[in-house]
$ cat coords12.tsv   # TSV, C-alpha atoms
chain	number	residue	atom	x	y	z
X	10	MET	CA	-83.85	70.13	-24.85
X	11	GLY	CA	-86.00	68.84	-22.00
X	12	GLN	CA	-88.69	67.72	-24.44
X	13	LEU	CA	-86.15	65.76	-26.46
X	14	VAL	CA	-84.96	63.93	-23.35
X	15	ALA	CA	-88.59	63.24	-22.36
X	16	VAL	CA	-89.38	61.85	-25.83
X	17	ILE	CA	-86.29	59.62	-25.77
X	18	LEU	CA	-87.19	58.32	-22.30
X	19	ASN	CA	-90.79	57.67	-23.40
X	20	VAL	CA	-89.64	55.75	-26.47
X	21	MET	CA	-87.21	53.70	-24.37
X	22	LEU	CA	-89.97	52.96	-21.86
X	23	LEU	CA	-92.36	51.86	-24.62
X	24	LEU	CA	-89.70	49.57	-26.10
X	25	MET	CA	-88.87	48.03	-22.73
X	26	VAL	CA	-92.55	47.38	-21.95
X	27	SER	CA	-92.98	45.71	-25.34
X	28	LEU	CA	-89.89	43.56	-24.79
X	29	GLY	CA	-91.14	42.66	-21.32
X	30	LEU	CA	-94.51	41.57	-22.67
X	31	LEU	CA	-92.81	39.53	-25.37
X	32	GLN	CA	-90.55	37.96	-22.73
X	33	VAL	CA	-93.55	37.04	-20.56
X	34	HIS	CA	-95.37	35.60	-23.59
X	35	THR	CA	-92.33	33.49	-24.50
X	36	VAL	CA	-92.02	32.09	-20.98
X	37	VAL	CA	-95.74	31.34	-20.66
X	38	GLN	CA	-95.89	29.66	-24.06
X	39	THR	CA	-92.83	27.53	-23.29
X	40	GLU	CA	-94.20	26.56	-19.89
X	41	ASN	CA	-97.53	25.55	-21.45
X	42	GLU	CA	-95.74	23.41	-24.03
X	43	LEU	CA	-93.65	21.78	-21.31
X	44	MET	CA	-96.78	21.08	-19.25
X	45	GLU	CA	-98.52	19.51	-22.25
X	46	VAL	CA	-95.55	17.27	-23.04
X	47	SER	CA	-95.23	16.24	-19.39
X	48	ALA	CA	-98.94	15.36	-19.25
X	49	ALA	CA	-98.59	13.14	-22.34
X	50	VAL	CA	-95.50	11.42	-20.90
X	51	THR	CA	-97.17	10.89	-17.50
X	52	LYS	CA	-100.22	9.37	-19.19
X	53	TYR	CA	-97.98	7.12	-21.29
X	54	ILE	CA	-96.06	5.87	-18.25
X	55	SER	CA	-99.25	5.36	-16.23
X	56	ASN	CA	-100.86	3.33	-18.99
X	57	ARG	CA	-97.81	1.33	-20.08
X	58	GLY	CA	-95.51	0.97	-17.11
X	59	GLY	CA	-92.02	-0.24	-17.80
X	60	VAL	CA	-89.63	-3.13	-17.50
X	61	ASN	CA	-86.81	-1.14	-15.96
X	62	GLU	CA	-85.79	2.50	-15.66
X	63	SER	CA	-83.26	2.52	-18.50
X	64	SER	CA	-85.68	1.12	-21.08
X	65	LEU	CA	-88.38	3.46	-19.79
X	66	GLN	CA	-86.03	6.45	-20.24
X	67	LYS	CA	-85.50	5.45	-23.89
X	68	GLU	CA	-89.25	5.05	-24.47
X	69	VAL	CA	-89.93	8.42	-22.84
X	70	ARG	CA	-87.27	10.14	-24.98
X	71	THR	CA	-88.81	8.60	-28.11
X	72	LEU	CA	-92.28	9.72	-27.04
X	73	ILE	CA	-91.09	13.27	-26.33
X	74	ALA	CA	-89.42	13.51	-29.74
X	75	ARG	CA	-92.61	12.27	-31.42
X	76	GLU	CA	-94.83	14.67	-29.42
X	77	LEU	CA	-92.63	17.66	-30.25
X	78	ALA	CA	-92.54	16.75	-33.94
X	79	GLU	CA	-96.29	16.13	-34.23
X	80	LYS	CA	-97.41	19.25	-32.40
X	81	GLY	CA	-94.76	21.60	-33.78
X	82	PHE	CA	-93.69	22.96	-30.42
X	83	SER	CA	-90.81	25.39	-30.06
X	84	LEU	CA	-89.16	23.15	-27.44
X	85	GLN	CA	-86.01	21.30	-28.44
X	86	GLU	CA	-85.71	17.67	-27.37
X	87	ARG	CA	-81.94	17.86	-27.04
X	88	GLU	CA	-82.24	20.71	-24.49
X	89	MET	CA	-84.67	18.77	-22.32
X	90	SER	CA	-83.56	16.86	-19.26
X	91	VAL	CA	-85.84	13.93	-18.34
X	92	SER	CA	-85.90	12.03	-15.07
X	93	VAL	CA	-88.33	9.23	-14.22
X	94	THR	CA	-87.98	7.68	-10.77
X	95	ARG	CA	-90.19	5.37	-8.77
X	96	THR	CA	-91.13	6.95	-5.48
X	97	HIS	CA	-93.00	3.97	-4.05
X	98	SER	CA	-92.86	0.35	-5.17
X	99	ALA	CA	-93.79	-3.07	-3.85
X	100	ASP	CA	-90.73	-4.70	-5.44
X	101	PRO	CA	-87.43	-2.80	-5.81
X	102	VAL	CA	-86.58	-4.55	-9.10
X	103	LEU	CA	-89.84	-5.18	-10.99
X	104	TRP	CA	-92.34	-2.52	-11.94
X	105	SER	CA	-95.86	-3.53	-10.93
X	106	HIS	CA	-99.38	-2.22	-10.45
X	107	ALA	CA	-99.77	0.71	-8.09
X	108	ASP	CA	-96.10	1.70	-8.24
X	109	GLU	CA	-95.81	5.45	-7.89
X	110	PHE	CA	-93.41	7.48	-10.00
X	111	SER	CA	-92.18	11.01	-10.37
X	112	LEU	CA	-91.45	12.64	-13.72
X	113	VAL	CA	-89.25	15.73	-13.89
X	114	LEU	CA	-88.76	17.64	-17.16
X	115	THR	CA	-86.25	20.48	-17.13
X	116	ILE	CA	-85.26	22.94	-19.85
X	117	PRO	CA	-83.09	26.06	-19.84
X	118	TYR	CA	-85.07	29.17	-18.95
X	119	PRO	CA	-86.46	30.63	-22.17
X	120	GLY	CA	-85.28	34.13	-22.84
X	121	PHE	CA	-86.23	36.42	-25.66
X	122	THR	CA	-83.69	39.03	-24.73
X	123	SER	CA	-80.81	39.29	-22.29
X	124	TRP	CA	-81.81	42.83	-21.34
X	125	ILE	CA	-84.42	41.50	-18.93
X	126	PRO	CA	-82.95	39.40	-16.11
X	127	ALA	CA	-84.24	35.84	-15.81
X	128	PRO	CA	-85.62	34.78	-12.42
X	129	ALA	CA	-84.19	31.26	-12.74
X	130	ASP	CA	-81.68	29.21	-14.72
X	131	THR	CA	-84.12	26.45	-15.60
X	132	LEU	CA	-87.82	25.89	-16.11
X	133	GLN	CA	-88.94	22.66	-14.47
X	134	VAL	CA	-92.16	20.64	-14.39
X	135	THR	CA	-92.69	17.79	-11.92
X	136	ARG	CA	-95.56	15.32	-12.21
X	137	HIS	CA	-96.44	12.35	-10.05
X	138	GLY	CA	-98.38	9.31	-11.18
X	139	THR	CA	-99.30	5.69	-10.55
X	140	ILE	CA	-98.80	2.72	-12.85
X	141	ASN	CA	-102.20	1.43	-13.93
X	142	VAL	CA	-101.48	-1.18	-16.60
X	143	MET	CA	-98.30	-3.09	-17.39
X	144	ASP	CA	-97.10	-4.34	-20.81
X	145	TYR	CA	-97.58	-7.96	-19.81
X	146	ASP	CA	-101.28	-7.31	-19.01
X	147	LEU	CA	-102.03	-6.38	-22.61

$ encode --input "coords12.tsv" --output "structure tokens"
Amino acid sequence: MGQLVAVILNVMLLLMVSLGLLQVHTVVQTENELMEVSAAVTKYISNRGGVNESSLQKEVRTLIARELAEKGFSLQEREMSVSVTRTHSADPVLWSHADEFSLVLTIPYPGFTSWIPAPADTLQVTRHGTINVMDYDL
């Protein structure tokens, strides 16, 4: 009887380790995808600038949808929260050269199984950048 219990415990341990590795892989893959999308968006904002924050939010949403579709990522655009704010600017209304911005992308924490507790509710990436070129310079 003791051997049967030991075998059952060993099998359960092997299954839990496999699920844990799969959970870690899912989180790392999702985080890498989020980092890649945030890098593309930061580069886009740095190279294009914006007229105002509302139009920039629409452009960023469009870019994210295009990036996710082209690269076939597992991320869902509708689950993603996007925030672009200027952290330093010469003019409070107009976007100009050398304005600094902060981009925050947030998604729900990816979980493969509910058996393993998640360390957080969301997975978040924050990037900071500077506007290099504006639309009117092109």

$ closest_residue --input "coords12.tsv" --among "X:Thr96, X:Thr39, X:Gln85, X:Asn141" --to "X:Tyr53" --atoms "all atoms listed in the file"
X:Asn141

$ residues_near_point --input "coords12.tsv" --point "(-83.9, 0.6, -17.3)" --cutoff "12 Å" --atoms "only C-alpha atoms" --output "PyMOL selection string"
chain X and resi 58-69+92-95+102-104

$ closest_residue --input "coords12.tsv" --among "X:Leu114, X:Leu72, X:Leu77, X:Leu132" --to "X:Val91" --atoms "only C-alpha atoms"
X:Leu114

$ closest_residue --input "coords12.tsv" --among "X:Ala107, X:Ile140, X:Ile116, X:Ile73" --to "X:Val46" --atoms "only C-alpha atoms"
X:Ile73

$ atom_distance --input "coords12.tsv" --atom1 "atom CA of X:Thr115" --atom2 "atom CA of X:Ser90"
5.0 Å
